file run18.pdb (PDB, C-alpha atoms)
ATOM      1  CA  MET A 240      75.664 -52.782  53.348
ATOM      2  CA  LYS A 241      78.318 -50.036  53.464
ATOM      3  CA  ARG A 242      78.613 -47.157  55.862
ATOM      4  CA  ARG A 243      81.299 -44.690  56.724
ATOM      5  CA  LEU A 244      83.486 -45.790  59.588
ATOM      6  CA  ILE A 245      85.720 -43.421  61.542
ATOM      7  CA  ALA A 246      87.443 -45.012  64.523
ATOM      8  CA  THR A 247      89.753 -43.092  66.817
ATOM      9  CA  VAL A 248      92.192 -45.062  68.942
ATOM     10  CA  ALA A 249      94.641 -43.569  71.483
ATOM     11  CA  ALA A 250      97.770 -45.290  72.774
ATOM     12  CA  GLY A 251     100.964 -43.203  73.752
ATOM     13  CA  ALA A 252     103.520 -41.046  71.071
ATOM     14  CA  THR A 253     104.028 -39.684  67.145
ATOM     15  CA  ALA A 254     105.639 -37.555  64.256
ATOM     16  CA  ALA A 255     105.410 -35.727  60.870
ATOM     17  CA  MET A 256     103.522 -32.581  60.033
ATOM     18  CA  LEU A 257     100.648 -31.994  57.721
ATOM     19  CA  GLY A 258      99.536 -30.508  54.429
ATOM     20  CA  GLY A 259      96.705 -30.706  51.933
ATOM     21  CA  ALA A 260      93.910 -28.299  51.424
ATOM     22  CA  ALA A 261      90.158 -28.375  51.628
ATOM     23  CA  PHE A 262      87.824 -25.942  53.240
ATOM     24  CA  GLY A 263      87.036 -26.312  56.918
ATOM     25  CA  GLN A 264      85.652 -23.474  59.004
ATOM     26  CA  ALA A 265      86.055 -23.391  62.781
ATOM     27  CA  ASP A 266      85.270 -20.581  65.206
ATOM     28  CA  PRO A 267      88.620 -19.535  66.750
ATOM     29  CA  ALA A 268      86.833 -18.591  70.002
ATOM     30  CA  ASN A 269      85.443 -22.115  70.519
ATOM     31  CA  SER A 270      87.212 -24.723  68.398
ATOM     32  CA  ALA A 271      88.412 -28.247  69.107
ATOM     33  CA  TYR A 272      90.385 -28.428  65.867
ATOM     34  CA  LEU A 273      94.042 -27.478  65.436
ATOM     35  CA  MET A 274      93.966 -24.144  63.570
ATOM     36  CA  PHE A 275      96.412 -21.947  61.716
ATOM     37  CA  GLY A 276      97.540 -18.770  63.437
ATOM     38  CA  TYR A 277      96.716 -16.992  60.212
ATOM     39  CA  GLY A 278      94.391 -17.336  57.204
ATOM     40  CA  THR A 279      90.704 -16.712  56.671
ATOM     41  CA  ALA A 280      87.827 -18.079  58.761
ATOM     42  CA  ASP A 281      86.706 -20.409  55.945
ATOM     43  CA  ASN A 282      90.099 -22.146  55.639
ATOM     44  CA  ASN A 283      91.785 -22.123  59.032
ATOM     45  CA  VAL A 284      92.049 -25.803  60.090
ATOM     46  CA  TRP A 285      95.208 -27.883  59.732
ATOM     47  CA  ARG A 286      94.678 -30.917  57.495
ATOM     48  CA  SER A 287      96.518 -34.083  56.524
ATOM     49  CA  GLY A 288      97.584 -34.910  52.974
ATOM     50  CA  SER A 289      95.073 -35.981  50.310
ATOM     51  CA  TYR A 290      94.306 -39.671  49.807
ATOM     52  CA  GLY A 291      92.121 -41.493  47.302
ATOM     53  CA  GLY A 292      92.544 -39.122  44.335
ATOM     54  CA  THR A 293      90.908 -35.708  44.138
ATOM     55  CA  PRO A 294      91.564 -33.539  47.220
ATOM     56  CA  GLY A 295      88.443 -32.594  49.143
ATOM     57  CA  VAL A 296      86.534 -33.014  52.385
ATOM     58  CA  ASN A 297      86.203 -36.778  51.870
ATOM     59  CA  ASP A 298      89.923 -37.205  51.171
ATOM     60  CA  THR A 299      91.516 -35.229  53.990
ATOM     61  CA  LEU A 300      91.486 -35.382  57.762
ATOM     62  CA  CYS A 301      91.369 -32.326  59.996
ATOM     63  CA  TRP A 302      93.730 -32.348  62.981
ATOM     64  CA  ARG A 303      91.754 -32.546  66.235
ATOM     65  CA  THR A 304      92.877 -31.388  69.667
ATOM     66  CA  GLY A 305      93.020 -33.762  72.608
ATOM     67  CA  TYR A 306      89.687 -32.413  73.902
ATOM     68  CA  TRP A 307      87.760 -32.812  70.616
ATOM     69  CA  THR A 308      84.417 -34.639  70.829
ATOM     70  CA  PRO A 309      81.771 -35.362  68.155
ATOM     71  CA  ALA A 310      79.816 -32.396  69.544
ATOM     72  CA  ASN A 311      82.605 -30.118  68.236
ATOM     73  CA  ALA A 312      82.354 -31.400  64.653
ATOM     74  CA  VAL A 313      82.101 -28.881  61.799
ATOM     75  CA  ALA A 314      80.759 -29.668  58.349
ATOM     76  CA  GLY A 315      84.023 -28.852  56.579
ATOM     77  CA  CYS A 316      85.900 -31.528  58.585
ATOM     78  CA  ASP A 317      83.409 -34.168  59.779
ATOM     79  CA  PRO A 318      80.256 -33.836  57.658
ATOM     80  CA  ASP A 319      78.978 -37.269  58.750
ATOM     81  CA  LEU A 320      78.822 -36.069  62.365
ATOM     82  CA  VAL A 321      76.961 -32.824  61.726
ATOM     83  CA  THR A 322      73.195 -33.178  62.167
ATOM     84  CA  LYS A 323      71.508 -32.885  58.831
ATOM     85  CA  THR A 324      68.090 -31.348  58.311
ATOM     86  CA  ALA A 325      65.577 -34.080  57.676
ATOM     87  CA  ALA A 326      64.252 -34.214  54.142
ATOM     88  CA  ALA A 327      60.750 -32.878  53.756
ATOM     89  CA  ALA A 328      58.086 -35.557  53.503
ATOM     90  CA  PRO A 329      56.450 -35.920  50.067
ATOM     91  CA  ALA A 330      53.226 -34.025  49.629
ATOM     92  CA  PRO A 331      50.127 -36.205  50.102
ATOM     93  CA  THR A 332      48.357 -37.384  46.984
ATOM     94  CA  PRO A 333      45.229 -35.273  46.381
ATOM     95  CA  PRO A 334      41.890 -37.094  46.585
ATOM     96  CA  SER A 335      40.807 -38.707  43.338
ATOM     97  CA  ALA A 336      37.678 -40.406  42.196
ATOM     98  CA  THR A 337      39.831 -43.134  40.711
ATOM     99  CA  PRO A 338      41.686 -45.299  43.265
ATOM    100  CA  PRO A 339      45.455 -45.017  42.914
ATOM    101  CA  SER A 340      47.039 -47.801  40.936
ATOM    102  CA  ALA A 341      49.810 -48.356  43.467
ATOM    103  CA  ALA A 342      50.544 -47.427  47.066
ATOM    104  CA  PRO A 343      53.115 -44.633  47.523
ATOM    105  CA  THR A 344      56.672 -45.808  48.060
ATOM    106  CA  PRO A 345      57.659 -45.382  51.733
ATOM    107  CA  ALA A 346      60.600 -43.105  52.479
ATOM    108  CA  PRO A 347      63.871 -45.011  52.945
ATOM    109  CA  ALA A 348      65.146 -45.470  56.468
ATOM    110  CA  PRO A 349      67.870 -42.984  57.436
ATOM    111  CA  ALA A 350      71.444 -44.267  57.180
ATOM    112  CA  PRO A 351      73.061 -45.111  60.521
ATOM    113  CA  ALA A 352      75.327 -42.439  61.975
ATOM    114  CA  ALA A 353      79.048 -42.909  61.523
ATOM    115  CA  GLY A 354      80.655 -44.541  64.546
ATOM    116  CA  VAL A 355      83.313 -42.546  66.383
ATOM    117  CA  GLN A 356      85.295 -44.163  69.164
ATOM    118  CA  LYS A 357      88.314 -42.951  71.098
ATOM    119  CA  ILE A 358      90.321 -45.380  73.210
ATOM    120  CA  THR A 359      93.267 -44.229  75.324
ATOM    121  CA  LEU A 360      95.973 -46.717  76.235
ATOM    122  CA  ALA A 361      98.499 -45.723  78.900
ATOM    123  CA  THR A 362     102.005 -45.255  77.513
ATOM    124  CA  LYS A 363     103.205 -47.547  80.285
ATOM    125  CA  ALA A 364     101.505 -50.411  78.420
ATOM    126  CA  LEU A 365     103.488 -49.594  75.254
ATOM    127  CA  PHE A 366     106.905 -48.261  76.322
ATOM    128  CA  ASP A 367     109.157 -48.035  79.343
ATOM    129  CA  PHE A 368     109.532 -44.498  80.716
ATOM    130  CA  ASP A 369     111.656 -42.294  78.431
ATOM    131  CA  ARG A 370     111.979 -45.117  75.862
ATOM    132  CA  ALA A 371     110.605 -45.655  72.335
ATOM    133  CA  VAL A 372     110.872 -49.446  71.953
ATOM    134  CA  LEU A 373     107.526 -51.262  72.015
ATOM    135  CA  LYS A 374     107.206 -53.772  74.838
ATOM    136  CA  PRO A 375     105.557 -57.192  74.203
ATOM    137  CA  GLU A 376     102.474 -56.048  76.105
ATOM    138  CA  GLY A 377     102.459 -52.898  73.957
ATOM    139  CA  ARG A 378     102.335 -54.969  70.779
ATOM    140  CA  ALA A 379      99.510 -57.034  72.289
ATOM    141  CA  ALA A 380      97.592 -53.845  73.144
ATOM    142  CA  ILE A 381      97.896 -52.589  69.550
ATOM    143  CA  ASP A 382      96.715 -55.975  68.248
ATOM    144  CA  ASN A 383      93.661 -55.914  70.508
ATOM    145  CA  GLU A 384      92.699 -52.253  70.164
ATOM    146  CA  VAL A 385      93.875 -51.278  66.660
ATOM    147  CA  ILE A 386      94.499 -54.258  64.383
ATOM    148  CA  SER A 387      91.174 -55.847  65.347
ATOM    149  CA  ARG A 388      89.376 -52.670  64.212
ATOM    150  CA  LEU A 389      91.419 -52.302  61.033
ATOM    151  CA  ASN A 390      90.311 -55.799  60.062
ATOM    152  CA  GLN A 391      86.736 -54.455  59.906
ATOM    153  CA  VAL A 392      87.656 -51.713  57.405
ATOM    154  CA  SER A 393      87.068 -52.730  53.789
ATOM    155  CA  ARG A 394      88.592 -49.604  52.192
ATOM    156  CA  LEU A 395      91.246 -47.915  54.317
ATOM    157  CA  GLU A 396      91.967 -44.254  53.552
ATOM    158  CA  LEU A 397      94.217 -43.073  56.372
ATOM    159  CA  VAL A 398      95.753 -44.099  59.680
ATOM    160  CA  LEU A 399      96.959 -41.103  61.684
ATOM    161  CA  VAL A 400      99.365 -41.851  64.566
ATOM    162  CA  THR A 401      99.927 -38.916  66.949
ATOM    163  CA  GLY A 402     102.436 -39.038  69.813
ATOM    164  CA  HIS A 403     102.288 -37.037  73.068
ATOM    165  CA  THR A 404     104.617 -36.770  76.073
ATOM    166  CA  ASP A 405     104.402 -35.305  79.565
ATOM    167  CA  ARG A 406     105.958 -31.945  80.535
ATOM    168  CA  ILE A 407     109.169 -33.320  82.086
ATOM    169  CA  GLY A 408     112.146 -32.248  79.960
ATOM    170  CA  THR A 409     112.518 -29.692  77.172
ATOM    171  CA  GLN A 410     110.089 -29.364  74.293
ATOM    172  CA  ALA A 411     112.858 -30.226  71.805
ATOM    173  CA  TYR A 412     113.638 -33.481  73.624
ATOM    174  CA  ASN A 413     109.976 -34.405  74.061
ATOM    175  CA  GLN A 414     109.273 -33.601  70.405
ATOM    176  CA  ARG A 415     111.889 -36.122  69.290
ATOM    177  CA  LEU A 416     110.653 -38.702  71.801
ATOM    178  CA  SER A 417     107.033 -38.368  70.655
ATOM    179  CA  GLU A 418     108.130 -38.776  67.017
ATOM    180  CA  ARG A 419     110.221 -41.872  67.793
ATOM    181  CA  ARG A 420     107.326 -43.486  69.629
ATOM    182  CA  ALA A 421     104.894 -42.697  66.831
ATOM    183  CA  ASN A 422     107.315 -44.188  64.315
ATOM    184  CA  ALA A 423     107.635 -47.324  66.458
ATOM    185  CA  VAL A 424     103.845 -47.753  66.417
ATOM    186  CA  ARG A 425     103.786 -47.118  62.652
ATOM    187  CA  ASP A 426     106.482 -49.718  62.010
ATOM    188  CA  TYR A 427     104.577 -52.294  64.051
ATOM    189  CA  LEU A 428     101.351 -51.581  62.148
ATOM    190  CA  VAL A 429     103.261 -52.091  58.874
ATOM    191  CA  SER A 430     104.630 -55.413  60.178
ATOM    192  CA  ARG A 431     101.008 -56.471  60.827
ATOM    193  CA  GLY A 432     100.015 -55.779  57.219
ATOM    194  CA  VAL A 433      98.898 -52.122  57.202
ATOM    195  CA  ALA A 434     100.063 -50.307  54.037
ATOM    196  CA  ARG A 435     102.884 -47.916  54.944
ATOM    197  CA  ASP A 436     101.663 -45.266  52.476
ATOM    198  CA  LYS A 437      98.334 -45.118  54.344
ATOM    199  CA  ILE A 438      99.982 -44.149  57.650
ATOM    200  CA  GLU A 439     100.904 -40.629  58.749
ATOM    201  CA  THR A 440     102.796 -39.878  61.957
ATOM    202  CA  LEU A 441     102.807 -36.664  63.946
ATOM    203  CA  GLY A 442     104.738 -35.710  67.096
ATOM    204  CA  MET A 443     103.190 -33.161  69.457
ATOM    205  CA  GLY A 444     105.788 -33.348  72.231
ATOM    206  CA  LYS A 445     104.355 -31.925  75.457
ATOM    207  CA  THR A 446     102.095 -29.307  73.810
ATOM    208  CA  GLN A 447      98.728 -31.081  74.298
ATOM    209  CA  PRO A 448      98.339 -32.367  77.880
ATOM    210  CA  VAL A 449      95.106 -34.128  78.781
ATOM    211  CA  PRO A 450      92.606 -31.596  80.216
ATOM    212  CA  GLY A 451      91.999 -31.977  83.943
ATOM    213  CA  VAL A 452      95.327 -33.628  84.813
ATOM    214  CA  VAL A 453      96.798 -31.449  87.608
ATOM    215  CA  CYS A 454     100.187 -32.430  89.051
ATOM    216  CA  ASN A 455     101.882 -30.089  91.542
ATOM    217  CA  GLN A 456     104.632 -32.366  92.867
ATOM    218  CA  PRO A 457     108.001 -30.543  92.930
ATOM    219  CA  TYR A 458     110.661 -31.797  90.537
ATOM    220  CA  PRO A 459     113.138 -33.376  91.110
ATOM    221  CA  GLN A 460     112.346 -33.742  94.819
ATOM    222  CA  GLN A 461     109.226 -35.877  94.121
ATOM    223  CA  ARG A 462     110.214 -37.148  90.681
ATOM    224  CA  LYS A 463     108.563 -40.585  90.942
ATOM    225  CA  ALA A 464     105.271 -39.143  92.202
ATOM    226  CA  LEU A 465     105.255 -36.543  89.428
ATOM    227  CA  ILE A 466     105.966 -39.153  86.745
ATOM    228  CA  ALA A 467     103.085 -41.287  88.017
ATOM    229  CA  CYS A 468     100.723 -38.297  88.128
ATOM    230  CA  LEU A 469     101.574 -37.237  84.549
ATOM    231  CA  ALA A 470     101.035 -40.723  83.085
ATOM    232  CA  PRO A 471      97.773 -39.828  81.229
ATOM    233  CA  ASN A 472      99.665 -37.236  79.167
ATOM    234  CA  ARG A 473     102.098 -39.859  77.824
ATOM    235  CA  ARG A 474     100.020 -41.428  75.076
ATOM    236  CA  VAL A 475      99.731 -42.353  71.398
ATOM    237  CA  GLU A 476      96.482 -41.577  69.583
ATOM    238  CA  ILE A 477      95.556 -43.555  66.470
ATOM    239  CA  GLU A 478      92.781 -42.392  64.153
ATOM    240  CA  VAL A 479      91.473 -44.657  61.416
ATOM    241  CA  LYS A 480      89.530 -43.264  58.471
ATOM    242  CA  GLY A 481      87.929 -45.664  56.006
ATOM    243  CA  GLU A 482      84.856 -47.524  54.888
ATOM    244  CA  GLY A 483      83.699 -50.613  56.723
ATOM    245  CA  THR A 484      80.945 -53.175  56.612
ATOM    246  CA  ALA A 485      78.137 -52.561  59.109
ATOM    247  CA  ARG A 486      77.464 -55.442  61.470
ATOM    248  CA  ARG A 487      73.910 -56.718  61.750
TER
END

call {"tool": "encode", "arguments": {"input": "run18.pdb", "output": "structure tokens"}}
result
Amino acid sequence: MKRRLIATVAAGATAAMLGGAAFGQADPANSAYLMFGYGTADNNVWRSGSYGGTPGVNDTLCWRTGYWTPANAVAGCDPDLVTKTAAAAPAPTPPSATPPSAAPTPAPAPAPAAGVQKITLATKALFDFDRAVLKPEGRAAIDNEVISRLNQVSRLELVLVTGHTDRIGTQAYNQRLSERRANAVRDYLVSRGVARDKIETLGMGKTQPVPGVVCNQPYPQQRKALIACLAPNRRVEIEVKGEGTARR
């Protein structure tokens, strides 16, 4: 029995930009998707490249912000998460003098909703501070949280690796660091058997801090305390899009 599987995994840094077209409409006043600063309201969401053949909603992945939740889903980006109107029940059979030859076929049970999961791993588990070389415990974390889920996907469409840093340092430096970390995660996934052409990397630098993380320690006077406080912002997010086998 097949169902759509979308798993989102977060870990600690990334690279590459995006492309591909398909229509996705998001309200600029209340959107959790990454939108263009221009364009029309029916085509204003950044998307990844096309995979699986013909470009379209089922072959592209909208970029989500760090505060996206399934409640923010729009039909043009995540149709499986948007509540669909239940199909109208068949009209009852009118009374007849002759008994019906067969009982009416019951309506099929609704398909299970697509699973969406987001797991955040602290960058400290993956990399040393200001470094982009995976530590042994970082590789183990990816095995446990990412590879184990990829093994449940029967038809993989896309793995999106997005890197984030904290605010310490310039945006240019943090951009490069987030890209190097994302590439390190990508290279490890490839070494574990994930097809390289199914992986996209994206570096966000320090532009998307985790909402609610407030750190007021002066820098550099309280450098260590500030680094510890900003730890949640140093992360790598991994999104997996594909088709998996439902467990009974």

call {"tool": "atom_distance", "arguments": {"input": "run18.pdb", "atom1": "atom CA of Gln460 of chain A", "atom2": "atom CA of Ala371 of chain A"}}
result
25.5 Å

call {"tool": "closest_residue", "arguments": {"input": "run18.pdb", "among": "A:Pro457, A:Lys445, A:Ala271, A:Thr440", "to": "Tyr306 of chain A", "atoms": "all atoms listed in the file"}}
result
A:Ala271

call {"tool": "resolve_selection", "arguments": {"input": "run18.pdb", "expression": "the PyMOL selection byres ((chain A and resi 450) around 8)", "output": "ChimeraX atom specification"}}
result
/A:305-306,448-449,451-452

call {"tool": "write_last_selection", "arguments": {"input": "run18.pdb", "atoms": "C-alpha atoms", "output": "compact mmCIF listing (two decimals), in the frame of the given file"}}
result
# COMPACT_ATOMS: atom_id res chain seq x y z
CA GLY A 305 93.02 -33.76 72.61
CA TYR A 306 89.69 -32.41 73.90
CA PRO A 448 98.34 -32.37 77.88
CA VAL A 449 95.11 -34.13 78.78
CA GLY A 451 92.00 -31.98 83.94
CA VAL A 452 95.33 -33.63 84.81

call {"tool": "closest_residue", "arguments": {"input": "run18.pdb", "among": "A:Asp369, A:Thr304, A:Gly481, A:Met274", "to": "Ser393 of chain A", "atoms": "only C-alpha atoms"}}
result
A:Gly481

call {"tool": "atom_distance", "arguments": {"input": "run18.pdb", "atom1": "atom CA of Lys463 of chain A", "atom2": "atom CA of Ile407 of chain A"}}
result
11.5 Å

call {"tool": "resolve_selection", "arguments": {"input": "run18.pdb", "expression": "the PyMOL selection byres ((chain A and resi 466) around 10)", "output": "list of chain:residue names"}}
result
A:Phe368, A:Asp405, A:Arg406, A:Ile407, A:Cys454, A:Gln456, A:Tyr458, A:Gln461, A:Arg462, A:Lys463, A:Ala464, A:Leu465, A:Ala467, A:Cys468, A:Leu469, A:Ala470, A:Pro471, A:Arg473

call {"tool": "closest_residue", "arguments": {"input": "run18.pdb", "among": "A:Ile438, A:Gln414, A:Arg286, A:Leu273", "to": "Trp307 of chain A", "atoms": "only C-alpha atoms"}}
result
A:Leu273

call {"tool": "atom_distance", "arguments": {"input": "run18.pdb", "atom1": "atom CA of Asn311 of chain A", "atom2": "atom CA of Val385 of chain A"}}
result
24.0 Å

call {"tool": "closest_residue", "arguments": {"input": "run18.pdb", "among": "A:Val453, A:Val372, A:Cys301, A:Ile477", "to": "Arg388 of chain A", "atoms": "all atoms listed in the file"}}
result
A:Ile477

call {"tool": "residues_around", "arguments": {"input": "run18.pdb", "residues": "segment 408-410 of chain A", "least_positions_apart": "6", "cutoff": "10 Å", "atoms": "all atoms listed in the file", "output": "PyMOL selection string"}}
result
chain A and resi 416+443-446

call {"tool": "residues_near_point", "arguments": {"input": "run18.pdb", "point": "(89.6, -40.0, 60.9)", "cutoff": "6 Å", "atoms": "only C-alpha atoms", "output": "list of chain:residue names"}}
result
A:Ile245, A:Leu300, A:Glu478, A:Val479, A:Lys480

call {"tool": "write_last_selection", "arguments": {"input": "run18.pdb", "atoms": "C-alpha atoms", "output": "CSV table (one decimal), keeping the file's coordinate frame"}}
result
chain,number,residue,atom,x,y,z
A,245,ILE,CA,85.7,-43.4,61.5
A,300,LEU,CA,91.5,-35.4,57.8
A,478,GLU,CA,92.8,-42.4,64.2
A,479,VAL,CA,91.5,-44.7,61.4
A,480,LYS,CA,89.5,-43.3,58.5

call {"tool": "closest_residue", "arguments": {"input": "run18.pdb", "among": "A:Glu396, A:Asp317, A:Glu384, A:Glu376", "to": "Lys437 of chain A", "atoms": "only C-alpha atoms"}}
result
A:Glu396

call {"tool": "residues_around", "arguments": {"input": "run18.pdb", "residues": "Arg378 of chain A", "least_positions_apart": "6", "cutoff": "10 Å", "atoms": "all atoms listed in the file", "output": "number ranges by chain"}}
result
A: 364-366, 424, 427-428

call {"tool": "residues_around", "arguments": {"input": "run18.pdb", "residues": "Asp426 of chain A", "least_positions_apart": "2", "cutoff": "12 Å", "atoms": "all atoms listed in the file", "output": "PDB file with C-alpha atoms, in the frame of the given file"}}
result
ATOM      1  CA  THR A 253     104.028 -39.684  67.145  1.00  0.00           C
ATOM      2  CA  ALA A 371     110.605 -45.655  72.335  1.00  0.00           C
ATOM      3  CA  VAL A 372     110.872 -49.446  71.953  1.00  0.00           C
ATOM      4  CA  LEU A 373     107.526 -51.262  72.015  1.00  0.00           C
ATOM      5  CA  ARG A 378     102.335 -54.969  70.779  1.00  0.00           C
ATOM      6  CA  ILE A 381      97.896 -52.589  69.550  1.00  0.00           C
ATOM      7  CA  VAL A 400      99.365 -41.851  64.566  1.00  0.00           C
ATOM      8  CA  ARG A 419     110.221 -41.872  67.793  1.00  0.00           C
ATOM      9  CA  ARG A 420     107.326 -43.486  69.629  1.00  0.00           C
ATOM     10  CA  ALA A 421     104.894 -42.697  66.831  1.00  0.00           C
ATOM     11  CA  ASN A 422     107.315 -44.188  64.315  1.00  0.00           C
ATOM     12  CA  ALA A 423     107.635 -47.324  66.458  1.00  0.00           C
ATOM     13  CA  VAL A 424     103.845 -47.753  66.417  1.00  0.00           C
ATOM     14  CA  LEU A 428     101.351 -51.581  62.148  1.00  0.00           C
ATOM     15  CA  VAL A 429     103.261 -52.091  58.874  1.00  0.00           C
ATOM     16  CA  SER A 430     104.630 -55.413  60.178  1.00  0.00           C
ATOM     17  CA  ARG A 431     101.008 -56.471  60.827  1.00  0.00           C
ATOM     18  CA  GLY A 432     100.015 -55.779  57.219  1.00  0.00           C
ATOM     19  CA  VAL A 433      98.898 -52.122  57.202  1.00  0.00           C
ATOM     20  CA  ALA A 434     100.063 -50.307  54.037  1.00  0.00           C
ATOM     21  CA  ARG A 435     102.884 -47.916  54.944  1.00  0.00           C
ATOM     22  CA  ASP A 436     101.663 -45.266  52.476  1.00  0.00           C
ATOM     23  CA  ILE A 438      99.982 -44.149  57.650  1.00  0.00           C
ATOM     24  CA  GLU A 439     100.904 -40.629  58.749  1.00  0.00           C
ATOM     25  CA  THR A 440     102.796 -39.878  61.957  1.00  0.00           C
TER      26      THR A 440
END
